[in-house]
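Please read the structure below before turning to the comments.
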Amino acid sequence: MEPLSGHPPGLRKAPLPPAGRRLLDALALDRVDLVGHSMGGIVALLLAEGYPQRVDRLVLEDVPIPRPREQTTPTRPDGKLTVDWEMVLAVRRQVDTPEAGWLERLSRITAKTLVVAGGPGSHVPQEGVVELARRVPHGRVVTIPAGHLIHQAEPMEFTKAVLTFLRSEE
C-alpha cells in the first residue's frame with residue numbers, strides 16, 4: 001500500500017480521497033460509516049464525494065461549508081500542540097479558498113448524512129453548516145448548542161444523536 005499523504009485534504013497537489021480509498025482497500029472495507037469533526041469532517045466529506053459507493057452514512061460535526069471567505073491566519077496556540085500546525089494552516093487556506101466546483105460536488109454525496117451544528121457558541125458560521133446539510137442530497141441537520149467541540153462539551157447528547165442516526169433504518 002502506498003503511504004497516506006501527510007498533506008491536508010482537498011489540496012490540489014495531494015488529494016486525500018485516493019489515500020482514503022487506499023486505506024479502505026488495505027483494511028478490506030467495502031463500505032463504511034464515517035464520522036468527522038471540523039477538518040476531519042472535511043476529509044470525510046471529500047472521501048464521500050470522491051468515492052460515493054464506499055460511504056454508507058456520514059456524520060459531519062460542525063463542518064464549514066466550502067465557500068470562499070476572507071482569508072485569515074489563525075494564531076498558533078502557546079505550548080505543546082496535539083496537531084500538526086502546518087497542516088492546520090494549509091487546511092485553513094484551502095477552506096478559505098476552496099477549489100472551484102467543490103460546493104457543487106456536494107450533490108455527488110449519496111451517503112445518508114447527519115450534520116451536527118454547534119450553535120451560536122461555535123466559531124463556524126452556523127448558516128453555512130445548515131446549508132451544507134441542505135446541499136447534500138440525503139442530509140439533515142441537528143443543533144446541539146455546545147460550541148465547536150460538541151463531542152467534548154456534550155458527549156452524551158452528541159453520542160445519542162450519532163448513534164440514533166447510525167442505527168436508524170432510513
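Going by the C-alpha cells order, chains are called A, B, ..., each with residues numbered from 1, while ligands are numbered from 1 in the order shown.
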Got a sec: who's within 12 Å of Leu106 in chain A, counting only C-alpha atoms, leaving out chain neighbours fewer than 5 positions off, as a PyMOL selection string? chain A and resi 42+44-52+65-67+101+111+113+131-139
Limited to N, CA, C and O atoms, could you put the picked residues into a file as an mmCIF file, in the first residue's frame?
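To be explicit, this is the file written out as again.cif:
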```cif
data_model
loop_
_atom_site.group_PDB
_atom_site.id
_atom_site.type_symbol
_atom_site.label_atom_id
_atom_site.label_comp_id
_atom_site.auth_asym_id
_atom_site.auth_seq_id
_atom_site.Cartn_x
_atom_site.Cartn_y
_atom_site.Cartn_z
ATOM 1 N N ILE A 42 -14.091 17.566 6.900
ATOM 2 C CA ILE A 42 -13.759 17.900 5.513
ATOM 3 C C ILE A 42 -13.156 16.677 4.830
ATOM 4 O O ILE A 42 -13.487 16.353 3.693
ATOM 5 N N ALA A 44 -13.718 13.528 5.592
ATOM 6 C CA ALA A 44 -14.820 12.581 5.386
ATOM 7 C C ALA A 44 -15.702 13.028 4.227
ATOM 8 O O ALA A 44 -16.110 12.215 3.387
ATOM 9 N N LEU A 45 -15.993 14.306 4.150
ATOM 10 C CA LEU A 45 -16.821 14.864 3.079
ATOM 11 C C LEU A 45 -16.161 14.633 1.721
ATOM 12 O O LEU A 45 -16.814 14.213 0.756
ATOM 13 N N LEU A 46 -14.865 14.884 1.618
ATOM 14 C CA LEU A 46 -14.159 14.691 0.350
ATOM 15 C C LEU A 46 -14.129 13.222 -0.065
ATOM 16 O O LEU A 46 -14.270 12.901 -1.244
ATOM 17 N N LEU A 47 -13.970 12.323 0.901
ATOM 18 C CA LEU A 47 -13.993 10.898 0.583
ATOM 19 C C LEU A 47 -15.382 10.488 0.104
ATOM 20 O O LEU A 47 -15.524 9.749 -0.881
ATOM 21 N N ALA A 48 -16.427 10.999 0.766
ATOM 22 C CA ALA A 48 -17.799 10.659 0.391
ATOM 23 C C ALA A 48 -18.179 11.210 -0.981
ATOM 24 O O ALA A 48 -18.946 10.592 -1.712
ATOM 25 N N GLU A 49 -17.624 12.358 -1.348
ATOM 26 C CA GLU A 49 -17.945 12.899 -2.672
ATOM 27 C C GLU A 49 -17.078 12.261 -3.752
ATOM 28 O O GLU A 49 -17.526 12.086 -4.883
ATOM 29 N N GLY A 50 -15.866 11.880 -3.430
ATOM 30 C CA GLY A 50 -14.971 11.262 -4.410
ATOM 31 C C GLY A 50 -15.246 9.788 -4.650
ATOM 32 O O GLY A 50 -15.024 9.279 -5.742
ATOM 33 N N TYR A 51 -15.723 9.098 -3.640
ATOM 34 C CA TYR A 51 -15.993 7.657 -3.711
ATOM 35 C C TYR A 51 -17.346 7.367 -3.071
ATOM 36 O O TYR A 51 -17.436 6.695 -2.047
ATOM 37 N N PRO A 52 -18.424 7.879 -3.660
ATOM 38 C CA PRO A 52 -19.736 7.734 -3.029
ATOM 39 C C PRO A 52 -20.156 6.280 -2.797
ATOM 40 O O PRO A 52 -20.895 6.004 -1.850
ATOM 41 N N ILE A 65 -18.984 25.006 5.440
ATOM 42 C CA ILE A 65 -19.294 24.808 4.028
ATOM 43 C C ILE A 65 -18.134 25.329 3.192
ATOM 44 O O ILE A 65 -17.501 26.322 3.567
ATOM 45 N N PRO A 66 -17.811 24.664 2.085
ATOM 46 C CA PRO A 66 -16.684 25.111 1.268
ATOM 47 C C PRO A 66 -17.050 26.327 0.421
ATOM 48 O O PRO A 66 -17.450 26.208 -0.725
ATOM 49 N N ARG A 67 -16.974 27.490 1.028
ATOM 50 C CA ARG A 67 -17.322 28.735 0.343
ATOM 51 C C ARG A 67 -16.187 29.735 0.546
ATOM 52 O O ARG A 67 -15.681 29.888 1.655
ATOM 53 N N GLY A 101 -15.814 24.443 -7.892
ATOM 54 C CA GLY A 101 -16.658 23.269 -8.046
ATOM 55 C C GLY A 101 -16.858 22.448 -6.789
ATOM 56 O O GLY A 101 -17.690 21.539 -6.767
ATOM 57 N N ALA A 111 -24.323 9.232 0.458
ATOM 58 C CA ALA A 111 -24.464 8.730 1.835
ATOM 59 C C ALA A 111 -25.558 9.488 2.571
ATOM 60 O O ALA A 111 -25.709 10.701 2.407
ATOM 61 N N THR A 113 -26.628 11.508 5.448
ATOM 62 C CA THR A 113 -25.695 12.415 6.126
ATOM 63 C C THR A 113 -26.373 13.162 7.266
ATOM 64 O O THR A 113 -27.431 13.761 7.078
ATOM 65 N N GLU A 131 -26.561 25.069 5.565
ATOM 66 C CA GLU A 131 -26.562 24.984 4.102
ATOM 67 C C GLU A 131 -25.852 23.726 3.623
ATOM 68 O O GLU A 131 -26.271 23.106 2.643
ATOM 69 N N LEU A 132 -24.783 23.333 4.296
ATOM 70 C CA LEU A 132 -24.087 22.098 3.957
ATOM 71 C C LEU A 132 -25.056 20.920 4.000
ATOM 72 O O LEU A 132 -25.121 20.116 3.062
ATOM 73 N N ALA A 133 -25.839 20.829 5.064
ATOM 74 C CA ALA A 133 -26.823 19.745 5.184
ATOM 75 C C ALA A 133 -27.852 19.815 4.064
ATOM 76 O O ALA A 133 -28.274 18.787 3.533
ATOM 77 N N ARG A 134 -28.245 21.013 3.696
ATOM 78 C CA ARG A 134 -29.250 21.184 2.647
ATOM 79 C C ARG A 134 -28.717 20.780 1.278
ATOM 80 O O ARG A 134 -29.440 20.220 0.460
ATOM 81 N N ARG A 135 -27.445 21.027 1.012
ATOM 82 C CA ARG A 135 -26.864 20.742 -0.306
ATOM 83 C C ARG A 135 -26.534 19.268 -0.521
ATOM 84 O O ARG A 135 -26.375 18.824 -1.651
ATOM 85 N N VAL A 136 -26.377 18.510 0.547
ATOM 86 C CA VAL A 136 -26.114 17.080 0.421
ATOM 87 C C VAL A 136 -27.484 16.402 0.246
ATOM 88 O O VAL A 136 -28.387 16.618 1.060
ATOM 89 N N PRO A 137 -27.653 15.592 -0.821
ATOM 90 C CA PRO A 137 -28.979 15.055 -1.138
ATOM 91 C C PRO A 137 -29.724 14.367 0.012
ATOM 92 O O PRO A 137 -30.922 14.534 0.144
ATOM 93 N N HIS A 138 -29.041 13.606 0.840
ATOM 94 C CA HIS A 138 -29.707 12.914 1.946
ATOM 95 C C HIS A 138 -29.244 13.503 3.286
ATOM 96 O O HIS A 138 -29.051 12.773 4.249
ATOM 97 N N GLY A 139 -29.094 14.826 3.319
ATOM 98 C CA GLY A 139 -28.574 15.485 4.505
ATOM 99 C C GLY A 139 -29.662 15.992 5.428
ATOM 100 O O GLY A 139 -30.746 16.368 4.990
#
```
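Within range 90-121 of chain A, DSSP applied to the backbone places the following residues in helix (DSSP H, G or I): Ala90, Val91, Arg92, Arg93, Gln94, Val95, Asp96, Trp102, Leu103, Glu104, Arg105, Leu106, Ser107, Arg108, Gly119, Pro120 and Gly121 of chain A.
One distance worth recording is that between CA of Gly118 in chain A and CA of Val35 in chain A, which is 15.2 Å.
Minimum atom-to-atom distance to Val130 in chain A, evaluated using only C-alpha atoms, belongs to A:Val63 out of A:Leu81, A:Val63, A:Leu23, A:Val162.
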For Asp96 in chain A, list every protein, DNA or RNA residue within 8 Å, evaluated using only C-alpha atoms, and leave out those in the same chain fewer than 2 positions away; present the list as a ChimeraX atom specification. /A:66-72,92-94,98
Enter the distance from CA of Leu149 in chain A to CA of Ser38 in chain A, in Å, rounded to one decimal. 8.9 Å
Would you give me, as a PyMOL selection string, the residues in chain A that DSSP reads as strand (DSSP E)? chain A and resi 32-37+55-61+112-117+139-143
